[in-house]
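Structure file start.csv (CSV, C-alpha atoms) follows.
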chain,number,residue,atom,x,y,z
A,1,MET,CA,-64.2,7.9,61.5
A,2,ASP,CA,-62.8,11.4,61.9
A,3,GLU,CA,-64.5,11.6,65.2
A,4,VAL,CA,-63.0,8.3,66.4
A,5,ASN,CA,-59.5,9.3,65.2
A,6,LYS,CA,-59.8,12.6,67.0
A,7,TYR,CA,-60.9,10.9,70.2
A,8,VAL,CA,-58.0,8.4,70.0
A,9,ARG,CA,-55.5,11.1,69.3
A,10,GLU,CA,-56.7,13.3,72.2
A,11,LYS,CA,-56.6,10.4,74.6
A,12,LEU,CA,-53.0,9.4,73.5
A,13,ASN,CA,-51.9,13.1,73.8
A,14,ARG,CA,-53.3,13.2,77.3
A,15,ASP,CA,-52.6,9.8,78.8
A,16,LYS,CA,-49.9,8.4,76.4
A,17,GLU,CA,-51.9,5.1,76.2
A,18,ILE,CA,-55.2,3.6,75.3
A,19,THR,CA,-56.8,0.2,75.6
A,20,PHE,CA,-59.5,-1.4,73.3
A,21,SER,CA,-61.6,-4.4,74.3
A,22,TYR,CA,-63.5,-6.4,71.7
A,23,LYS,CA,-66.9,-8.1,71.9
A,24,ILE,CA,-69.5,-9.5,69.4
A,25,ASN,CA,-72.7,-7.7,68.8
A,26,LYS,CA,-75.0,-10.6,67.9
A,27,THR,CA,-77.8,-8.3,66.9
A,28,ASN,CA,-75.7,-6.5,64.2
A,29,ASN,CA,-73.4,-9.5,63.6
A,30,THR,CA,-70.4,-7.3,64.2
A,31,LEU,CA,-67.2,-7.3,66.2
A,32,GLU,CA,-67.0,-4.0,68.1
A,33,GLY,CA,-64.1,-2.4,69.8
A,34,TYR,CA,-64.5,-0.1,72.9
A,35,SER,CA,-62.1,2.1,74.8
A,36,GLU,CA,-61.8,1.7,78.5
A,37,GLU,CA,-64.0,4.7,78.7
A,38,GLY,CA,-66.8,2.9,76.8
A,39,LYS,CA,-66.3,4.8,73.5
A,40,LEU,CA,-67.1,2.7,70.4
A,41,VAL,CA,-64.0,3.0,68.2
A,42,ALA,CA,-64.2,0.1,65.8
A,43,VAL,CA,-66.9,-2.0,64.0
A,44,ASN,CA,-66.2,-5.0,61.8
A,45,SER,CA,-68.8,-7.0,59.9
A,46,LEU,CA,-68.6,-10.7,60.7
A,47,LYS,CA,-70.3,-11.4,57.4
A,48,ASP,CA,-67.5,-9.7,55.5
A,49,GLU,CA,-64.6,-10.5,57.9
A,50,PRO,CA,-65.6,-13.8,59.7
A,51,ALA,CA,-62.0,-14.3,60.9
A,52,VAL,CA,-62.2,-11.3,63.2
A,53,ALA,CA,-64.6,-13.1,65.5
A,54,GLN,CA,-61.6,-14.7,67.2
A,55,MET,CA,-60.8,-11.2,68.6
A,56,ALA,CA,-63.8,-11.4,70.9
A,57,GLY,CA,-62.6,-11.0,74.5
A,58,MET,CA,-59.2,-9.8,73.4
A,59,LYS,CA,-57.6,-6.4,74.1
A,60,THR,CA,-55.3,-4.1,72.2
A,61,LYS,CA,-53.1,-1.6,74.0
A,62,ILE,CA,-51.3,1.4,72.4
A,63,PHE,CA,-48.6,3.3,74.1
A,64,GLU,CA,-46.9,6.6,73.1
A,65,LYS,CA,-44.6,6.9,76.1
A,66,ASN,CA,-41.6,7.5,73.7
A,67,GLY,CA,-43.6,10.0,71.6
A,68,LYS,CA,-46.2,9.6,68.8
A,69,LEU,CA,-43.5,8.8,66.2
A,70,ASN,CA,-42.4,5.7,68.3
A,71,PRO,CA,-45.6,4.0,69.4
A,72,VAL,CA,-46.0,0.5,70.7
A,73,SER,CA,-49.1,-1.7,70.3
A,74,GLU,CA,-49.8,-5.0,72.2
A,75,ILE,CA,-52.5,-7.6,71.7
A,76,TYR,CA,-53.7,-9.8,74.6
A,77,LEU,CA,-55.8,-12.9,74.7
A,78,ALA,CA,-58.9,-13.0,76.9
A,79,ASN,CA,-56.8,-14.8,79.6
A,80,GLY,CA,-54.4,-11.9,79.7
A,81,GLN,CA,-51.5,-13.5,77.8
A,82,LEU,CA,-49.5,-11.3,75.4
A,83,VAL,CA,-49.6,-12.6,71.9
A,84,VAL,CA,-48.2,-9.8,69.7
A,85,ARG,CA,-46.1,-6.7,70.4
A,86,ASN,CA,-45.5,-4.2,67.5
A,87,THR,CA,-42.9,-1.4,67.9
A,88,TYR,CA,-42.9,1.3,65.3
A,89,LYS,CA,-40.6,4.1,64.1
A,90,PHE,CA,-42.3,6.8,62.1
A,91,ASN,CA,-40.8,9.9,60.5
A,92,ARG,CA,-44.1,11.8,60.5
A,93,ASP,CA,-47.7,11.5,61.8
A,94,THR,CA,-48.9,8.1,60.7
A,95,ASN,CA,-52.1,6.1,61.3
A,96,ILE,CA,-51.0,3.1,63.4
A,97,PHE,CA,-54.2,1.3,62.5
A,98,ALA,CA,-53.3,1.3,58.8
A,99,THR,CA,-49.8,-0.2,59.3
A,100,ASP,CA,-51.1,-3.7,58.6
A,101,ALA,CA,-51.0,-2.6,54.9
A,102,VAL,CA,-47.2,-2.8,55.0
A,103,ILE,CA,-47.2,-6.5,56.0
A,104,ALA,CA,-50.1,-7.2,53.7
A,105,TYR,CA,-48.2,-5.8,50.8
A,106,VAL,CA,-45.0,-7.7,51.5
A,107,ASN,CA,-47.1,-10.9,51.8
A,108,GLY,CA,-48.6,-10.2,48.4
A,109,GLU,CA,-52.1,-9.6,49.7
A,110,ILE,CA,-52.5,-6.1,48.3
A,111,PRO,CA,-51.1,-4.4,45.2
A,112,TYR,CA,-48.6,-1.6,45.0
A,113,SER,CA,-50.1,1.8,44.5
A,114,THR,CA,-49.2,5.5,44.8
A,115,ASP,CA,-51.3,5.7,48.0
A,116,LEU,CA,-49.4,2.8,49.5
A,117,LYS,CA,-46.1,4.4,48.5
A,118,ALA,CA,-47.1,7.7,50.1
A,119,PHE,CA,-48.0,5.8,53.3
A,120,LEU,CA,-44.7,3.8,53.3
A,121,ASP,CA,-42.8,7.1,53.0
A,122,GLY,CA,-43.8,7.9,56.6
A,123,ILE,CA,-42.6,4.6,58.1
A,124,ASP,CA,-38.9,3.8,58.9
A,125,ARG,CA,-39.3,0.5,60.8
A,126,ILE,CA,-41.9,-2.0,62.1
A,127,GLN,CA,-40.8,-4.6,64.6
A,128,VAL,CA,-43.2,-7.5,65.3
A,129,GLU,CA,-42.8,-9.9,68.2
A,130,ASN,CA,-45.1,-13.0,68.3
A,131,PHE,CA,-45.5,-14.8,71.6
A,132,GLU,CA,-46.6,-18.3,72.6
A,133,ASN,CA,-47.4,-19.0,76.2
A,134,ASN,CA,-45.7,-15.7,77.1
A,135,LYS,CA,-42.5,-16.7,75.4
A,136,LEU,CA,-41.1,-15.0,72.2
A,137,ALA,CA,-41.7,-17.4,69.3
A,138,LEU,CA,-41.0,-15.2,66.2
A,139,PHE,CA,-39.2,-11.8,65.8
A,140,THR,CA,-39.8,-10.0,62.5
A,141,THR,CA,-38.6,-6.6,61.4
A,142,TYR,CA,-39.5,-4.5,58.3
A,143,GLU,CA,-36.9,-1.8,57.6
A,144,ILE,CA,-37.6,0.8,54.9
A,145,ASN,CA,-34.7,2.5,53.3
A,146,HIS,CA,-36.1,5.6,51.7
A,147,LYS,CA,-32.9,6.5,49.9
A,148,THR,CA,-32.5,3.1,48.1
A,149,GLN,CA,-36.3,2.5,48.0
A,150,GLN,CA,-35.8,-0.9,49.5
A,151,ILE,CA,-37.5,-2.8,52.3
A,152,THR,CA,-35.6,-5.4,54.3
A,153,VAL,CA,-37.6,-8.1,56.0
A,154,LYS,CA,-35.9,-10.2,58.7
A,155,ASN,CA,-37.4,-13.2,60.5
A,156,GLY,CA,-35.8,-14.9,63.5
A,157,SER,CA,-36.2,-16.5,66.9
A,158,SER,CA,-34.9,-13.3,68.5
A,159,ALA,CA,-33.4,-9.9,67.7
A,160,LYS,CA,-29.9,-11.6,67.5
A,161,VAL,CA,-30.9,-14.7,65.6
A,162,THR,CA,-31.9,-14.3,61.9
A,163,ILE,CA,-33.5,-17.2,60.1
A,164,THR,CA,-34.5,-15.4,56.8
A,165,LYS,CA,-33.6,-12.0,55.3
A,166,ALA,CA,-35.1,-10.5,52.2
A,167,VAL,CA,-34.0,-7.2,50.6
A,168,LEU,CA,-36.7,-6.1,48.1
A,169,SER,CA,-37.5,-3.1,46.0
A,170,ILE,CA,-40.5,-1.2,47.4
A,171,ASN,CA,-42.0,-1.0,44.0
A,172,GLY,CA,-42.5,-4.5,42.7
A,173,LEU,CA,-40.9,-6.5,45.6
A,174,ASN,CA,-37.9,-7.5,43.5
A,175,GLY,CA,-34.6,-8.6,45.1
A,176,THR,CA,-33.2,-11.6,47.0
A,177,MET,CA,-33.9,-13.7,50.1
A,178,GLU,CA,-31.4,-15.6,52.2
A,179,THR,CA,-32.0,-18.3,54.8
A,180,TYR,CA,-29.5,-19.0,57.5
A,181,TYR,CA,-28.3,-22.0,59.6
A,182,GLU,CA,-28.3,-21.7,63.4
A,183,ASN,CA,-24.6,-20.9,63.3
A,184,GLY,CA,-25.3,-17.8,61.2
A,185,LYS,CA,-23.9,-19.1,57.9
A,186,ILE,CA,-26.0,-18.8,54.7
A,187,ASN,CA,-28.2,-21.8,54.0
A,188,GLN,CA,-29.9,-20.7,50.8
A,189,LYS,CA,-30.1,-17.7,48.5
A,190,VAL,CA,-32.9,-17.2,46.0
A,191,ALA,CA,-33.9,-14.4,43.6
A,192,ILE,CA,-37.3,-12.7,44.0
A,193,LYS,CA,-39.4,-11.0,41.4
A,194,ASN,CA,-42.9,-9.5,41.9
A,195,GLY,CA,-42.9,-11.0,45.4
A,196,LEU,CA,-42.3,-14.6,44.2
A,197,PHE,CA,-39.3,-16.8,43.9
A,198,ASN,CA,-38.1,-16.2,40.4
A,199,GLY,CA,-34.6,-17.0,39.2
A,200,LYS,CA,-31.5,-18.7,40.6
A,201,VAL,CA,-31.5,-20.7,43.8
A,202,GLU,CA,-28.3,-21.6,45.6
A,203,LYS,CA,-27.7,-23.9,48.6
A,204,PHE,CA,-24.6,-23.8,50.8
A,205,SER,CA,-22.8,-25.9,53.3
A,206,ASP,CA,-23.3,-25.1,57.0
A,207,LYS,CA,-19.7,-26.0,57.7
A,208,SER,CA,-17.5,-24.9,54.8
A,209,GLY,CA,-19.9,-22.4,53.1
A,210,LYS,CA,-19.3,-24.2,49.8
A,211,LEU,CA,-22.0,-24.4,47.1
A,212,LEU,CA,-24.0,-27.6,47.6
A,213,GLY,CA,-26.9,-27.0,45.1
A,214,THR,CA,-28.3,-24.9,42.4
A,215,GLY,CA,-31.6,-24.6,40.6
A,216,VAL,CA,-34.1,-22.2,39.1
A,217,MET,CA,-37.5,-21.0,40.3
A,218,LYS,CA,-40.4,-19.6,38.3
A,219,ASP,CA,-43.3,-17.8,39.9
A,220,GLY,CA,-42.7,-19.6,43.2
A,221,LEU,CA,-42.2,-23.1,41.7
A,222,PRO,CA,-39.2,-25.2,40.7
A,223,ASP,CA,-38.7,-24.9,37.0
A,224,GLY,CA,-35.6,-26.3,35.3
A,225,GLU,CA,-32.7,-28.4,36.5
A,226,PHE,CA,-31.7,-28.7,40.2
A,227,VAL,CA,-28.2,-30.0,40.8
A,228,GLU,CA,-26.8,-31.2,44.1
A,229,TYR,CA,-23.1,-31.3,44.9
A,230,ASP,CA,-21.0,-32.8,47.7
A,231,GLU,CA,-18.4,-30.9,49.7
A,232,ALA,CA,-15.8,-31.7,47.1
A,233,GLY,CA,-17.9,-30.1,44.3
A,234,LYS,CA,-18.8,-33.5,42.7
A,235,VAL,CA,-22.3,-33.7,41.3
A,236,ILE,CA,-24.4,-36.3,43.3
A,237,SER,CA,-27.8,-35.7,41.8
A,238,LYS,CA,-29.8,-33.9,39.0
A,239,VAL,CA,-33.5,-33.4,38.9
A,240,LYS,CA,-35.5,-31.5,36.3
A,241,TYR,CA,-38.8,-29.7,37.0
A,242,LYS,CA,-41.5,-28.0,34.9
A,243,ASP,CA,-44.1,-25.8,36.6
A,244,GLY,CA,-43.3,-27.3,40.0
A,245,LYS,CA,-43.5,-31.0,38.9
A,246,GLU,CA,-40.6,-33.4,38.5
A,247,ILE,CA,-39.9,-34.5,35.0
A,248,LYS,CA,-38.9,-38.2,34.9
Could the structure of this file be written out as C-alpha cells, please?
Amino acid sequence: MDEVNKYVREKLNRDKEITFSYKINKTNNTLEGYSEEGKLVAVNSLKDEPAVAQMAGMKTKIFEKNGKLNPVSEIYLANGQLVVRNTYKFNRDTNIFATDAVIAYVNGEIPYSTDLKAFLDGIDRIQVENFENNKLALFTTYEINHKTQQITVKNGSSAKVTITKAVLSINGLNGTMETYYENGKINQKVAIKNGLFNGKVEKFSDKSGKLLGTGVMKDGLPDGEFVEYDEAGKVISKVKYKDGKEIK
C-alpha cells in the first residue's frame, strides 16, 4: 500500500490529476482498480464487499489543480455520465481515499475513536454533489469547526437551497437538526443524541413560523405525547407513542 500511495502521490505532483478504471477479476473474485498507465492501485474482495461489483466499468478521477489541500474527485458511470463530485478542503496532508470515514461516522456506520478524531483534525470541509442524468440531484456539505469541535451537515438541492441542517458535536454526534420549507423557513427542529433523534421535536408553520406541533423522540423513535396545533395555537390532536408504536 505504501508503494501505491507513493505512486499516486508522485503522479498527482507531476500531472495534477489521475484516473482509475475498475474491472472484475473473475479468477480472484475481486474488483481491481487501475491507473491510466496500467498500474494496479486497488483490490477489493467481492466476497467481503459484494456491493463494490457495481463499480465495474466505472472511473474515478482525482484533480489537484488547486493544490493538494484542495483536491476534487469525480466518479463516472461506464457510459461516461458523472454521478458524484467531491470537493475537499484540507488543512494538512490527508489521504483522500480515507475521507469516506467522515460520512460513515456521521451516518452511524463506524464508532468514534482517537484515530478518527486525529483524521478529522486535518479536514475543514467536504462538499458532495450527486448527479442523476448529468443534473445535480443532491448537494451535501460537511463543515468541521475545530474551535467548537462541531460538524455541520447540510443537505439541499443546490448550494443555495438547504433542506436539512444538523449541527453536531464531533465526539458523540450530539446536537440539533432542522428541516426547511422551500421558502427557507424552518419546518421542523429535533434534538439529536448519539447520532439518533433523542428529545424534543417541534414543527412550525411555513407561513407564520408559529409552532404547529411538539413531541418527543427516543433513540430515533416517537416516544411520548405528540401534540398538533392550528395557526391560532389551539390543540387539534394528541397522540401518544411508546417505542415508536401508537398507544390507543
Nearest to Ser35 in chain A by atom-to-atom distance, counting only C-alpha atoms, from A:Leu12, A:Ile103, A:Ala51, A:Ala98: A:Leu12
Give me the residues within 8 Å of Thr141 in chain A as an mmCIF file with C-alpha atoms, keeping the file's coordinate frame, counting all atoms listed in the file and dropping any in the same chain fewer than 6 places off.
data_model
loop_
_atom_site.group_PDB
_atom_site.id
_atom_site.type_symbol
_atom_site.label_atom_id
_atom_site.label_comp_id
_atom_site.auth_asym_id
_atom_site.auth_seq_id
_atom_site.Cartn_x
_atom_site.Cartn_y
_atom_site.Cartn_z
ATOM 1 C CA ARG A 125 -39.300 0.500 60.800
ATOM 2 C CA ILE A 126 -41.900 -2.000 62.100
ATOM 3 C CA GLN A 127 -40.800 -4.600 64.600
ATOM 4 C CA VAL A 128 -43.200 -7.500 65.300
ATOM 5 C CA THR A 152 -35.600 -5.400 54.300
ATOM 6 C CA VAL A 153 -37.600 -8.100 56.000
ATOM 7 C CA LYS A 154 -35.900 -10.200 58.700
ATOM 8 C CA ASN A 155 -37.400 -13.200 60.500
#
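In terms of minimum interatomic distance to Lys240 in chain A, A:Gly224 ranks closest within A:Gly108, A:Gly33, A:Gly224, A:Gly209, counting all atoms listed in the file.
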For each of A:Ser205, A:Asn107, A:Thr30, A:Asn134, take the minimum atom-to-atom distance to Met55 in chain A, counting only C-alpha atoms, then give the residue where this is smallest. A:Thr30
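Each of A:Val167, A:Val72, A:Val4, A:Leu31 was compared to Gly195 in chain A using all atoms listed in the file, and A:Val167 turns out to be the nearest.
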Can you pull out every residue within 7 Å of range 182-194 of chain A, counting all atoms listed in the file, but drop anything in the same chain fewer than 5 positions away, and send it as a PyMOL selection string? chain A and resi 172-177+199-206
Would you put the residues from that selection into a file with C-alpha atoms, as an mmCIF file, keeping the file's coordinate frame?
data_model
loop_
_atom_site.group_PDB
_atom_site.id
_atom_site.type_symbol
_atom_site.label_atom_id
_atom_site.label_comp_id
_atom_site.auth_asym_id
_atom_site.auth_seq_id
_atom_site.Cartn_x
_atom_site.Cartn_y
_atom_site.Cartn_z
ATOM 1 C CA GLY A 172 -42.500 -4.500 42.700
ATOM 2 C CA LEU A 173 -40.900 -6.500 45.600
ATOM 3 C CA ASN A 174 -37.900 -7.500 43.500
ATOM 4 C CA GLY A 175 -34.600 -8.600 45.100
ATOM 5 C CA THR A 176 -33.200 -11.600 47.000
ATOM 6 C CA MET A 177 -33.900 -13.700 50.100
ATOM 7 C CA GLY A 199 -34.600 -17.000 39.200
ATOM 8 C CA LYS A 200 -31.500 -18.700 40.600
ATOM 9 C CA VAL A 201 -31.500 -20.700 43.800
ATOM 10 C CA GLU A 202 -28.300 -21.600 45.600
ATOM 11 C CA LYS A 203 -27.700 -23.900 48.600
ATOM 12 C CA PHE A 204 -24.600 -23.800 50.800
ATOM 13 C CA SER A 205 -22.800 -25.900 53.300
ATOM 14 C CA ASP A 206 -23.300 -25.100 57.000
#
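Taking CA of Ser113 in chain A as the reference point, CA of Asn95 in chain A is found at 17.5 Å.
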Of the candidates A:Leu168, A:Val216, A:Leu221, A:Val84, which shows the shortest atom-to-atom distance to Asn145 in chain A, using all atoms listed in the file? A:Leu168
Any chance you could model N, CA and C atoms for range 134-158 of chain A and send them as a JSON list (two decimals), in the frame of the given file?
[["chain", "number", "residue", "atom", "x", "y", "z"],
["A", 134, "ASN", "N", -46.53, -16.77, 76.53],
["A", 134, "ASN", "CA", -45.70, -15.70, 77.10],
["A", 134, "ASN", "C", -44.25, -15.75, 76.77],
["A", 135, "LYS", "N", -43.88, -16.60, 75.81],
["A", 135, "LYS", "CA", -42.50, -16.70, 75.40],
["A", 135, "LYS", "C", -42.36, -16.25, 73.93],
["A", 136, "LEU", "N", -41.29, -15.52, 73.61],
["A", 136, "LEU", "CA", -41.10, -15.00, 72.20],
["A", 136, "LEU", "C", -40.90, -16.22, 71.30],
["A", 137, "ALA", "N", -41.74, -16.26, 70.24],
["A", 137, "ALA", "CA", -41.70, -17.40, 69.30],
["A", 137, "ALA", "C", -41.16, -16.91, 67.92],
["A", 138, "LEU", "N", -41.42, -15.67, 67.55],
["A", 138, "LEU", "CA", -41.00, -15.20, 66.20],
["A", 138, "LEU", "C", -40.71, -13.67, 66.33],
["A", 139, "PHE", "N", -39.57, -13.25, 65.79],
["A", 139, "PHE", "CA", -39.20, -11.80, 65.80],
["A", 139, "PHE", "C", -38.99, -11.39, 64.37],
["A", 140, "THR", "N", -39.80, -10.43, 63.93],
["A", 140, "THR", "CA", -39.80, -10.00, 62.50],
["A", 140, "THR", "C", -39.59, -8.46, 62.48],
["A", 141, "THR", "N", -38.76, -8.00, 61.55],
["A", 141, "THR", "CA", -38.60, -6.60, 61.40],
["A", 141, "THR", "C", -38.78, -6.20, 59.89],
["A", 142, "TYR", "N", -39.37, -5.03, 59.67],
["A", 142, "TYR", "CA", -39.50, -4.50, 58.30],
["A", 142, "TYR", "C", -38.85, -3.11, 58.36],
["A", 143, "GLU", "N", -37.71, -3.02, 57.68],
["A", 143, "GLU", "CA", -36.90, -1.80, 57.60],
["A", 143, "GLU", "C", -37.05, -1.16, 56.26],
["A", 144, "ILE", "N", -37.46, 0.11, 56.21],
["A", 144, "ILE", "CA", -37.60, 0.80, 54.90],
["A", 144, "ILE", "C", -36.52, 1.80, 54.74],
["A", 145, "ASN", "N", -35.75, 1.62, 53.68],
["A", 145, "ASN", "CA", -34.70, 2.50, 53.30],
["A", 145, "ASN", "C", -35.21, 3.48, 52.25],
["A", 146, "HIS", "N", -35.48, 4.71, 52.63],
["A", 146, "HIS", "CA", -36.10, 5.60, 51.70],
["A", 146, "HIS", "C", -35.14, 6.14, 50.63],
["A", 147, "LYS", "N", -33.83, 6.04, 50.89],
["A", 147, "LYS", "CA", -32.90, 6.50, 49.90],
["A", 147, "LYS", "C", -32.73, 5.42, 48.76],
["A", 148, "THR", "N", -32.63, 4.15, 49.14],
["A", 148, "THR", "CA", -32.50, 3.10, 48.10],
["A", 148, "THR", "C", -33.82, 2.58, 47.64],
["A", 149, "GLN", "N", -34.91, 3.01, 48.31],
["A", 149, "GLN", "CA", -36.30, 2.50, 48.00],
["A", 149, "GLN", "C", -36.34, 1.02, 48.08],
["A", 150, "GLN", "N", -35.81, 0.50, 49.19],
["A", 150, "GLN", "CA", -35.80, -0.90, 49.50],
["A", 150, "GLN", "C", -36.43, -1.19, 50.84],
["A", 151, "ILE", "N", -37.02, -2.36, 50.97],
["A", 151, "ILE", "CA", -37.50, -2.80, 52.30],
["A", 151, "ILE", "C", -36.82, -4.10, 52.62],
["A", 152, "THR", "N", -36.27, -4.16, 53.83],
["A", 152, "THR", "CA", -35.60, -5.40, 54.30],
["A", 152, "THR", "C", -36.44, -6.04, 55.35],
["A", 153, "VAL", "N", -36.74, -7.31, 55.10],
["A", 153, "VAL", "CA", -37.60, -8.10, 56.00],
["A", 153, "VAL", "C", -36.74, -9.19, 56.63],
["A", 154, "LYS", "N", -36.69, -9.22, 57.96],
["A", 154, "LYS", "CA", -35.90, -10.20, 58.70],
["A", 154, "LYS", "C", -36.86, -11.03, 59.59],
["A", 155, "ASN", "N", -36.70, -12.35, 59.59],
["A", 155, "ASN", "CA", -37.40, -13.20, 60.50],
["A", 155, "ASN", "C", -36.41, -14.00, 61.33],
["A", 156, "GLY", "N", -36.69, -14.15, 62.62],
["A", 156, "GLY", "CA", -35.80, -14.90, 63.50],
["A", 156, "GLY", "C", -36.45, -15.32, 64.76],
["A", 157, "SER", "N", -35.69, -16.04, 65.58],
["A", 157, "SER", "CA", -36.20, -16.50, 66.90],
["A", 157, "SER", "C", -35.99, -15.39, 67.94],
["A", 158, "SER", "N", -35.16, -14.40, 67.62],
["A", 158, "SER", "CA", -34.90, -13.30, 68.50],
["A", 158, "SER", "C", -34.28, -12.15, 67.73]]
